[in-house]
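Text of model36.txt, listed as compact mmCIF, C-alpha atoms and all ligand atoms:
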```txt
# COMPACT_ATOMS: atom_id res chain seq x y z
CA MET A 263 -8.41 -22.57 18.70
CA ASN A 264 -6.89 -20.02 16.38
CA PRO A 265 -4.80 -21.40 13.51
CA ARG A 266 -1.15 -20.48 13.09
CA PHE A 267 -1.68 -19.07 9.60
CA SER A 268 -4.39 -17.16 7.81
CA VAL A 269 -3.82 -17.15 4.08
CA VAL A 270 -5.65 -14.28 2.44
CA ILE A 271 -6.30 -14.67 -1.28
CA PRO A 272 -8.10 -11.96 -3.22
CA PHE A 273 -9.28 -13.07 -6.62
CA PHE A 274 -11.08 -11.59 -9.56
CA ASN A 275 -11.97 -14.03 -12.34
CA GLU A 276 -9.37 -16.72 -11.65
CA ALA A 277 -11.56 -19.80 -12.00
CA GLU A 278 -8.90 -21.88 -13.79
CA SER A 279 -6.25 -21.25 -11.14
CA LEU A 280 -8.04 -21.71 -7.83
CA ASP A 281 -8.00 -25.51 -7.59
CA GLU A 282 -4.32 -25.81 -8.35
CA LEU A 283 -3.50 -22.91 -6.04
CA TYR A 284 -5.42 -24.54 -3.21
CA GLN A 285 -3.61 -27.83 -3.67
CA ARG A 286 -0.17 -26.28 -3.79
CA LEU A 287 -0.96 -24.12 -0.77
CA VAL A 288 -2.12 -27.05 1.32
CA ALA A 289 1.00 -29.00 0.40
CA ALA A 290 3.21 -26.07 1.41
CA LEU A 291 1.39 -25.22 4.64
CA GLU A 292 0.63 -28.58 6.18
CA PRO A 293 4.21 -29.15 7.41
CA LEU A 294 4.24 -25.67 8.97
CA GLY A 295 1.23 -25.88 11.23
CA SER A 296 -2.49 -25.22 11.36
CA PHE A 297 -3.99 -22.77 8.91
CA GLU A 298 -7.11 -21.28 7.43
CA ILE A 299 -7.49 -20.10 3.84
CA ILE A 300 -9.63 -17.03 3.28
CA PHE A 301 -10.71 -16.57 -0.32
CA ILE A 302 -12.12 -13.19 -1.20
CA ASP A 303 -14.12 -13.13 -4.39
CA ASP A 304 -13.73 -9.57 -5.59
CA GLY A 305 -16.85 -9.54 -7.75
CA SER A 306 -15.83 -12.25 -10.21
CA THR A 307 -18.07 -12.77 -13.20
CA ASP A 308 -16.74 -16.20 -14.18
CA GLN A 309 -17.02 -19.53 -12.36
CA SER A 310 -14.51 -18.58 -9.64
CA PHE A 311 -17.06 -18.44 -6.86
CA THR A 312 -18.43 -21.88 -7.69
CA VAL A 313 -14.90 -23.27 -7.49
CA ALA A 314 -14.30 -21.54 -4.15
CA GLN A 315 -17.63 -22.82 -2.87
CA ARG A 316 -16.59 -26.36 -3.73
CA LEU A 317 -13.32 -25.95 -1.85
CA PHE A 318 -15.27 -24.60 1.11
CA THR A 319 -17.56 -27.63 1.15
CA ALA A 320 -14.64 -30.05 0.96
CA ASP A 321 -12.32 -28.44 3.52
CA ARG A 322 -13.22 -26.96 6.90
CA ARG A 323 -10.13 -24.76 6.83
CA VAL A 324 -11.45 -22.80 3.87
CA ARG A 325 -13.51 -19.64 4.29
CA VAL A 326 -14.97 -17.61 1.44
CA ILE A 327 -16.05 -13.99 1.37
CA LYS A 328 -17.83 -12.72 -1.71
CA PHE A 329 -18.14 -9.07 -2.69
CA ARG A 330 -21.23 -7.99 -4.57
CA ARG A 331 -19.08 -6.27 -7.16
CA ASN A 332 -15.46 -5.65 -8.05
CA LEU A 333 -13.99 -3.33 -5.41
CA GLY A 334 -10.29 -3.86 -6.04
CA LYS A 335 -7.47 -5.87 -4.54
CA SER A 336 -6.95 -3.46 -1.63
CA ALA A 337 -10.55 -3.74 -0.51
CA ALA A 338 -10.41 -7.51 -0.82
CA LEU A 339 -7.18 -7.78 1.18
CA SER A 340 -8.49 -5.43 3.83
CA GLN A 341 -11.67 -7.49 4.21
CA GLY A 342 -9.60 -10.65 4.56
CA PHE A 343 -7.26 -9.05 7.12
CA GLN A 344 -10.17 -8.00 9.29
CA GLY A 345 -11.43 -11.52 9.66
CA ALA A 346 -8.04 -13.26 9.88
CA ARG A 347 -7.68 -15.40 13.01
CA GLY A 348 -4.18 -16.73 12.45
CA GLU A 349 -1.15 -15.59 14.39
CA LEU A 350 0.55 -14.95 11.03
CA VAL A 351 -1.11 -13.63 7.90
CA VAL A 352 0.03 -14.76 4.45
CA THR A 353 -1.05 -13.03 1.25
CA ILE A 354 -0.67 -14.62 -2.15
CA ASP A 355 -2.02 -13.82 -5.62
CA ALA A 356 -4.59 -16.21 -6.99
CA ASP A 357 -3.11 -16.38 -10.48
CA LEU A 358 -0.33 -18.91 -9.66
CA GLN A 359 2.39 -16.34 -10.37
CA ASP A 360 3.56 -16.66 -6.77
CA GLU A 361 4.95 -19.94 -5.56
CA PRO A 362 3.44 -21.34 -2.31
CA ARG A 363 6.61 -23.40 -1.75
CA GLU A 364 8.41 -20.15 -0.86
CA ILE A 365 6.22 -19.54 2.17
CA PRO A 366 8.43 -21.45 4.67
CA ARG A 367 11.42 -19.27 3.78
CA LEU A 368 9.43 -16.11 4.32
CA VAL A 369 8.17 -17.44 7.64
CA GLU A 370 11.72 -18.21 8.74
CA ALA A 371 12.74 -14.60 8.15
CA LEU A 372 9.92 -13.44 10.42
CA ASP A 373 12.04 -13.94 13.53
CA ARG A 374 13.89 -10.79 12.48
CA PHE A 375 10.95 -8.87 10.99
CA ASP A 376 7.26 -8.15 11.45
CA LEU A 377 6.56 -8.32 7.73
CA VAL A 378 8.50 -10.19 5.06
CA THR A 379 7.76 -9.66 1.40
CA GLY A 380 8.86 -11.66 -1.63
CA TRP A 381 11.45 -10.17 -3.94
CA LYS A 382 10.75 -11.31 -7.49
CA GLN A 383 14.40 -11.44 -8.48
CA GLN A 384 13.69 -13.26 -11.75
CA ARG A 385 10.43 -11.68 -12.65
CA ASN A 386 8.42 -13.33 -15.41
CA ASP A 387 6.48 -10.33 -16.64
CA PRO A 388 6.89 -8.27 -19.83
CA TRP A 389 9.38 -5.36 -19.64
CA THR A 390 6.50 -2.88 -19.95
CA LYS A 391 5.66 -3.94 -16.43
CA ARG A 392 9.15 -4.55 -15.10
CA PHE A 393 10.59 -1.18 -16.06
CA PRO A 394 7.92 1.08 -14.50
CA SER A 395 8.05 -1.17 -11.49
CA LYS A 396 11.80 -0.49 -11.15
CA VAL A 397 11.17 3.26 -11.28
CA PHE A 398 8.39 2.92 -8.74
CA ASN A 399 10.48 0.89 -6.32
CA GLY A 400 13.40 3.30 -6.72
CA ALA A 401 11.23 6.32 -6.00
CA ALA A 402 9.77 4.63 -2.95
CA ARG A 403 13.25 3.77 -1.67
CA LEU A 404 14.31 7.41 -2.02
CA LEU A 405 11.17 8.86 -0.49
CA PHE A 406 10.90 6.59 2.52
CA GLY A 407 14.41 5.27 2.98
CA VAL A 408 13.24 1.65 2.96
CA ARG A 409 15.76 -0.90 1.77
CA LEU A 410 13.50 -3.08 -0.36
CA ASN A 411 13.93 -4.08 -3.99
CA ASP A 412 10.37 -5.14 -4.56
CA LEU A 413 7.42 -3.57 -2.81
CA ASN A 414 4.53 -5.15 -4.56
CA SER A 415 4.98 -8.86 -4.57
CA GLY A 416 1.70 -10.68 -4.04
CA LEU A 417 3.49 -13.01 -1.66
CA LYS A 418 3.93 -11.68 1.86
CA VAL A 419 3.95 -12.98 5.40
CA MET A 420 3.28 -10.74 8.39
CA ARG A 421 2.26 -10.86 12.01
CA ARG A 422 -1.46 -10.37 12.37
CA GLU A 423 -0.98 -7.08 14.20
CA VAL A 424 0.61 -5.65 11.04
CA ALA A 425 -2.34 -6.72 8.91
CA THR A 426 -4.84 -5.15 11.27
CA ALA A 427 -2.82 -1.97 11.77
CA ILE A 428 -2.62 -0.87 8.16
CA ASP A 429 -5.50 0.86 6.46
CA LEU A 430 -5.87 -0.42 2.90
CA TYR A 431 -8.17 1.38 0.48
CA GLY A 432 -8.09 2.58 -3.12
CA GLU A 433 -5.04 0.85 -4.59
CA PHE A 434 -2.83 0.99 -1.52
CA HIS A 435 -2.10 -2.74 -1.78
CA ARG A 436 1.03 -1.67 -3.69
CA PHE A 437 2.33 -0.04 -0.52
CA VAL A 438 1.74 -2.64 2.17
CA PRO A 439 5.43 -2.81 3.26
CA ILE A 440 5.67 1.00 3.30
CA LEU A 441 2.48 1.39 5.30
CA ALA A 442 3.85 -1.12 7.79
CA PHE A 443 7.21 0.66 7.86
CA LEU A 444 5.53 4.00 8.54
CA GLN A 445 3.87 2.45 11.59
CA GLY A 446 7.26 1.42 12.90
CA PHE A 447 7.13 -2.29 12.00
CA ARG A 448 10.32 -4.01 10.89
CA ILE A 449 10.13 -5.02 7.25
CA GLY A 450 12.33 -7.35 5.24
CA GLU A 451 12.43 -9.27 1.99
CA VAL A 452 13.43 -12.67 0.73
CA PRO A 453 14.13 -13.53 -2.94
CA VAL A 454 11.35 -15.69 -4.36
CA GLY A 455 10.58 -17.41 -7.63
CA HIS A 456 7.94 -15.97 -9.92
CA HIS A 457 5.97 -17.58 -12.73
CA GLN A 458 4.33 -16.34 -15.83
CA ARG A 459 0.60 -15.98 -15.66
CA LYS A 460 -0.79 -19.35 -16.68
CA TYR A 461 -4.45 -18.56 -17.24
CA GLY A 462 -6.43 -15.41 -17.94
CA GLN A 463 -4.79 -12.02 -18.06
CA SER A 464 -3.54 -9.30 -15.75
CA LYS A 465 -6.35 -7.33 -14.16
CA TYR A 466 -4.49 -4.05 -14.39
CA GLY A 467 -3.77 -2.05 -17.55
CA TRP A 468 -1.67 1.06 -18.08
CA LYS A 469 -3.76 2.90 -15.50
CA ARG A 470 -1.79 1.17 -12.80
CA PHE A 471 1.22 3.39 -13.56
CA VAL A 472 -0.68 6.65 -13.21
CA ARG A 473 -2.42 5.45 -10.08
CA GLY A 474 0.75 4.02 -8.63
CA ALA A 475 2.53 7.37 -9.04
CA LEU A 476 -0.36 9.34 -7.54
CA ASP A 477 -0.69 6.94 -4.63
CA LEU A 478 3.03 7.16 -3.99
CA MET A 479 2.53 10.87 -3.49
CA THR A 480 -0.45 10.32 -1.19
CA VAL A 481 1.37 7.79 0.94
CA ALA A 482 4.45 10.01 1.18
CA PHE A 483 2.28 12.95 2.18
CA LEU A 484 0.11 11.07 4.66
CA GLY A 485 3.07 9.25 6.14
CA ARG A 486 4.77 12.48 7.05
CA PHE A 487 2.12 15.15 7.34
CA ALA A 488 -1.19 13.48 8.13
CA ASN A 489 -1.09 14.92 11.64
CA ARG A 490 0.47 18.27 10.76
CA PRO A 491 -0.49 19.32 7.22
CA LEU A 492 0.25 22.99 7.82
CA HIS A 493 3.93 22.20 8.21
CA LEU A 494 4.02 21.27 4.52
CA PHE A 495 1.54 23.77 3.06
CA GLY A 496 2.61 26.52 5.44
CA THR A 497 6.27 26.16 4.51
CA LEU A 498 5.45 26.31 0.82
CA GLY A 499 3.04 29.18 1.43
CA LEU A 500 5.44 31.27 3.49
CA GLY A 501 8.20 30.61 0.96
CA CYS A 502 6.14 31.78 -2.01
CA PHE A 503 4.57 34.69 -0.20
CA GLY A 504 7.89 35.84 1.25
CA LEU A 505 9.65 35.78 -2.10
CA GLY A 506 6.76 37.65 -3.75
CA PHE A 507 6.73 40.19 -0.95
CA VAL A 508 10.45 40.92 -1.28
CA ILE A 509 10.11 41.42 -5.03
CA ALA A 510 7.08 43.68 -4.55
CA LEU A 511 9.01 45.69 -1.94
CA TYR A 512 11.88 46.14 -4.36
CA LEU A 513 9.47 47.31 -7.08
CA THR A 514 7.81 49.73 -4.63
CA ILE A 515 11.18 51.28 -3.75
CA ILE A 516 12.20 51.88 -7.35
CA TRP A 517 8.71 53.22 -8.06
CA TRP A 518 9.24 55.77 -5.27
CA GLN A 519 12.47 56.69 -6.93
CA GLY A 520 10.49 57.63 -10.00
CA GLN A 521 10.81 54.60 -12.27
CA SER A 522 7.69 53.19 -13.88
CA ILE A 523 6.96 49.57 -12.98
CA GLY A 524 3.54 49.01 -14.59
CA GLN A 525 5.01 47.23 -17.63
CA ARG A 526 7.42 44.97 -15.79
CA PRO A 527 6.81 41.21 -15.90
CA LEU A 528 8.40 41.09 -12.45
CA LEU A 529 5.31 42.82 -11.07
CA THR A 530 3.01 40.08 -12.34
CA PHE A 531 5.41 37.48 -10.96
CA ALA A 532 5.42 39.09 -7.51
CA VAL A 533 1.62 39.25 -7.38
CA LEU A 534 1.37 35.64 -8.55
CA LEU A 535 3.82 34.45 -5.89
CA MET A 536 1.99 36.25 -3.10
CA LEU A 537 -1.40 34.91 -4.19
CA THR A 538 -0.11 31.37 -4.56
CA GLY A 539 1.53 31.64 -1.16
CA LEU A 540 -1.74 32.70 0.44
CA GLN A 541 -3.53 29.83 -1.30
CA PHE A 542 -1.03 27.35 0.12
CA LEU A 543 -1.42 28.82 3.59
CA PHE A 544 -5.20 28.64 3.58
CA THR A 545 -5.15 25.13 2.12
CA GLY A 546 -2.91 24.14 5.01
CA LEU A 547 -5.21 25.74 7.56
CA LEU A 548 -8.20 23.95 6.04
CA ALA A 549 -6.30 20.68 6.24
CA GLU A 550 -5.55 21.37 9.93
CA LEU A 551 -9.23 22.05 10.49
CA ILE A 552 -10.12 18.69 8.95
CA THR A 553 -7.53 16.69 10.88
CA SER A 554 -8.44 18.39 14.15
CA ARG A 555 -12.11 17.50 13.70
CA SER A 556 -11.70 13.92 12.53
CA ALA A 557 -11.83 10.83 14.75
CA PRO A 558 -9.32 10.64 17.63
CA ARG A 559 -5.82 10.19 16.30
CA ARG A 560 -4.38 6.70 16.59
CA TYR A 561 -0.72 6.15 17.18
CA PRO A 562 1.16 2.92 16.57
CA VAL A 563 1.47 1.69 20.15
CA GLU A 564 3.64 -1.40 20.47
CA GLN A 565 3.07 -2.36 24.08
CA VAL A 566 1.39 -1.06 27.18
CA LEU A 567 2.69 -1.80 30.67
CA ASP A 568 -0.12 -0.78 32.95
CA ARG A 569 -1.37 -2.50 36.11
CA GLN A 570 -4.95 -1.39 35.44
CA HIS A 571 -5.05 -3.28 32.15
CA GLY A 572 -2.70 -6.16 32.86
CA ASN A 573 0.63 -6.45 31.13
CA GLY A 574 -0.81 -7.22 27.73
CA ARG A 575 -1.36 -5.24 24.60
N1 LIG B 1 -7.31 -8.93 -8.14
C1 LIG B 1 -8.43 -8.69 -7.37
N2 LIG B 1 -9.22 -7.60 -7.69
C2 LIG B 1 -8.95 -6.79 -8.76
C3 LIG B 1 -7.79 -7.05 -9.52
C4 LIG B 1 -6.98 -8.13 -9.18
O1 LIG B 1 -8.71 -9.38 -6.40
O2 LIG B 1 -9.70 -5.84 -8.99
C5 LIG B 1 -6.46 -10.09 -7.81
C6 LIG B 1 -6.17 -11.02 -8.97
O3 LIG B 1 -7.19 -11.96 -9.16
C7 LIG B 1 -4.88 -11.65 -8.54
C8 LIG B 1 -4.17 -10.51 -7.79
O4 LIG B 1 -5.21 -9.60 -7.41
O5 LIG B 1 -5.10 -12.72 -7.65
C9 LIG B 1 -3.12 -9.81 -8.66
O6 LIG B 1 -3.72 -9.35 -9.85
P1 LIG B 1 -2.99 -9.47 -11.27
O7 LIG B 1 -2.36 -10.80 -11.42
O8 LIG B 1 -3.98 -9.07 -12.33
O9 LIG B 1 -1.88 -8.35 -11.15
P2 LIG B 1 -0.43 -8.38 -11.80
O10 LIG B 1 0.20 -9.73 -11.54
O11 LIG B 1 -0.62 -8.11 -13.24
O12 LIG B 1 0.32 -7.29 -11.07
MG MG B 2 -0.50 -11.57 -11.57
```
So that I can check it, write out the structure of this file as structure tokens.
Amino acid sequence: MNPRFSVVIPFFNEAESLDELYQRLVAALEPLGSFEIIFIDDGSTDQSFTVAQRLFTADRRVRVIKFRRNLGKSAALSQGFQGARGELVVTIDADLQDEPREIPRLVEALDRFDLVTGWKQQRNDPWTKRFPSKVFNGAARLLFGVRLNDLNSGLKVMRREVATAIDLYGEFHRFVPILAFLQGFRIGEVPVGHHQRKYGQSKYGWKRFVRGALDLMTVAFLGRFANRPLHLFGTLGLGCFGLGFVIALYLTIIWWQGQSIGQRPLLTFAVLLMLTGLQFLFTGLLAELITSRSAPRRYPVEQVLDRQHGNGR
């Protein structure tokens, strides 16, 4: 029979933490119902896998997936989600920064939401991480209109259908609630405690900020225009081309009236605008070509009532 919970734990060189994490998790989950714990070894080079293997041998509820090399947290989560059998999927970081005792409160909130994420109200990280994170969360709130304070807590609980619906790759793990929101799932948050990293160090350096900002752009773009890219590029293209055309027309008229225009910076500007506009337009058409040729589009269907297929999903 399928367990109630699947806990998905990606880890990369967290050998010192895994035992303690396992024990705290079991203590937190046992009162809540049946569960499985899926460890994903994201190419660790320390003793992590040996520790996970030992847990696997000792407990039938533990499953372990090992990547050949480090592929990133998103890949690891995605792999775990695919195999999850639980009705609810829990994600938690392996480094003991998240507190397993908070899980019941997140689960409680699930009767109003499809995904509940932890809000690290008192975050125990250096300000060099907290400040950019504030900017990031603020930008995401503005762009998507989601009312969350903290997007990227390692601790989340969601219905399994959310986990299987979102497509995680690259470093999209920072956007799990947004990706769910864009599919029409109801998302919420619950304040949770947060600890300092006890062992080892953070696996992400300054690059996370650049990548986070770029990915924010990608998610915003895909969320809105994945199925109609020309609406974005075409609007920009027509805008630029139109403005350039009007300026060029004006220059043509005064040239007819006998003024010389060859030296005017405005001429260069007009040509530039028209060329840029055409570039945007053709980029948009290429994007349409790609989306029209790719696999059949999938839409976030919630339910199907159809006598041919029974009244299920
Ligand atoms: N992690 C992973 N693969 C990676 C980097 C990180 O599986 O390439 C795991 C890591 O072991 C931890 C979680 O993702 O369980 C969060 O990573 P980390 O604590 O380094 O991030 P931070 O807390 O600094 O945001
Ligand atoms: Mg951490």
Can you tell me which residues surround region 442-454 of chain A at a distance of at most 6 Å, considering all atoms listed in the file, apart from same-chain residues fewer than 3 positions away, and format the answer as a short mmCIF file (atom, residue, chain, number, x, y, z; two decimals) with C-alpha atoms, in the coordinates of the input?
```cif
data_model
loop_
_atom_site.label_atom_id
_atom_site.label_comp_id
_atom_site.auth_asym_id
_atom_site.auth_seq_id
_atom_site.Cartn_x
_atom_site.Cartn_y
_atom_site.Cartn_z
CA PHE A 375 10.95 -8.87 10.99
CA ASP A 376 7.26 -8.15 11.45
CA LEU A 377 6.56 -8.32 7.73
CA VAL A 378 8.50 -10.19 5.06
CA THR A 379 7.76 -9.66 1.40
CA GLY A 380 8.86 -11.66 -1.63
CA TRP A 381 11.45 -10.17 -3.94
CA LYS A 382 10.75 -11.31 -7.49
CA GLN A 383 14.40 -11.44 -8.48
CA PRO A 439 5.43 -2.81 3.26
CA PRO A 562 1.16 2.92 16.57
#
```
Around ligand LIG 1 (chain B), which protein and nucleic acid residues have at least one atom no more than 8 Å from it, if we count only C-alpha atoms and all ligand atoms? List them as a CSV table (one decimal) with C-alpha atoms, in the coordinates of the input.
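Saved file selection-v4.csv follows:
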```csv
chain,number,residue,atom,x,y,z
A,271,ILE,CA,-6.3,-14.7,-1.3
A,272,PRO,CA,-8.1,-12.0,-3.2
A,273,PHE,CA,-9.3,-13.1,-6.6
A,274,PHE,CA,-11.1,-11.6,-9.6
A,275,ASN,CA,-12.0,-14.0,-12.3
A,276,GLU,CA,-9.4,-16.7,-11.6
A,302,ILE,CA,-12.1,-13.2,-1.2
A,303,ASP,CA,-14.1,-13.1,-4.4
A,304,ASP,CA,-13.7,-9.6,-5.6
A,305,GLY,CA,-16.8,-9.5,-7.8
A,332,ASN,CA,-15.5,-5.6,-8.0
A,333,LEU,CA,-14.0,-3.3,-5.4
A,334,GLY,CA,-10.3,-3.9,-6.0
A,335,LYS,CA,-7.5,-5.9,-4.5
A,336,SER,CA,-7.0,-3.5,-1.6
A,338,ALA,CA,-10.4,-7.5,-0.8
A,339,LEU,CA,-7.2,-7.8,1.2
A,354,ILE,CA,-0.7,-14.6,-2.2
A,355,ASP,CA,-2.0,-13.8,-5.6
A,356,ALA,CA,-4.6,-16.2,-7.0
A,357,ASP,CA,-3.1,-16.4,-10.5
A,359,GLN,CA,2.4,-16.3,-10.4
A,416,GLY,CA,1.7,-10.7,-4.0
A,459,ARG,CA,0.6,-16.0,-15.7
A,463,GLN,CA,-4.8,-12.0,-18.1
A,464,SER,CA,-3.5,-9.3,-15.8
A,465,LYS,CA,-6.4,-7.3,-14.2
A,466,TYR,CA,-4.5,-4.0,-14.4
```
(message) Show me, as a count of residues only, the residues that have an atom within 9 Å of Arg421 (chain A) when counting all atoms listed in the file, minus same-chain residues fewer than 4 positions from it.
(response) 10
(request) Tell me which of A:Ala475, A:Ala290, A:Ala427, A:Leu498 sits closest to Arg560 (chain A), counting all atoms listed in the file. (result)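 Of A:Ala475, A:Ala290, A:Ala427, A:Leu498, the one nearest Arg560 (chain A), counting all atoms listed in the file, is A:Ala427.
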(request) For CA of Pro362 (chain A) and CA of Val324 (chain A), quote the distance in Å rounded to one decimal. (result)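 One can read the CA of Pro362 (chain A) to CA of Val324 (chain A) distance as 16.2 Å.
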(message) Calculated over all atoms listed in the file, which of the candidates A:Leu417, A:Val313, A:Ala402, A:Val326 has the smallest distance to ligand MG 2 (chain B)?
(response) A:Leu417
(request) Would you list the residues near (5.3, 40.3, -7.9) (no more than 12 Å away, in the coordinates of the file, using only C-alpha atoms) as a PyMOL selection string? (result) chain A and resi 502-514+523-539
(request) For the point (2.8, -4.5, -5.1) in the file's frame, write as a ChimeraX atom specification all residues with an atom no more than 9 Å away, counting all atoms listed in the file. (result) /A:395,412-416,434-439
(message) If I take CA of Asp373 (chain A) and CA of Glu423 (chain A), how far is one from the other in Å, to one decimal?
(response) 14.7 Å
(message) Quick check, in Å to one decimal: how far apart do CA of His457 (chain A) and CA of Ala320 (chain A) lie?
(response)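 Computing it gives 27.7 Å between the two atoms.
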(message) From the options A:Arg392, A:Lys460, A:Arg367, A:Arg323, which residue's atoms come nearest to ligand MG 2 (chain B), counting only C-alpha atoms and all ligand atoms?
(response)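 Under the stated criterion, the closest residue is A:Lys460.
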(request) Could you tell me which of A:Gly474, A:Gly496, A:Gly501, A:Pro388 comes closest to ligand MG 2 (chain B) if we count only C-alpha atoms and all ligand atoms? (result)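 Counting only C-alpha atoms and all ligand atoms, the residue closest to ligand MG 2 (chain B) is A:Pro388.
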(request) Counting all atoms listed in the file, figure out which residue out of A:Phe267, A:Phe483, A:Phe471, A:Tyr461 gets nearest to Thr353 (chain A). (result)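 For Thr353 (chain A), the nearest of the given residues is A:Phe267.
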(message) So, with all atoms listed in the file as the atoms that count, which of A:Ala277, A:Leu358, A:Ile552, A:Leu547 lies closest to ligand MG 2 (chain B)?
(response)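 Between A:Ala277, A:Leu358, A:Ile552, A:Leu547, the residue approaching ligand MG 2 (chain B) most closely is A:Leu358.
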Using the file's own x, y and z axes, what box holds all listed atoms of region 363-374 of chain A with 8 Å on each side, keeping edges along x, y and z, and what are its centre and edge lengths in Å to one decimal, as JSON?
```
{"center_x": 10.1, "center_y": -17.1, "center_z": 5.9, "size_x": 23.7, "size_y": 28.6, "size_z": 31.3}
```
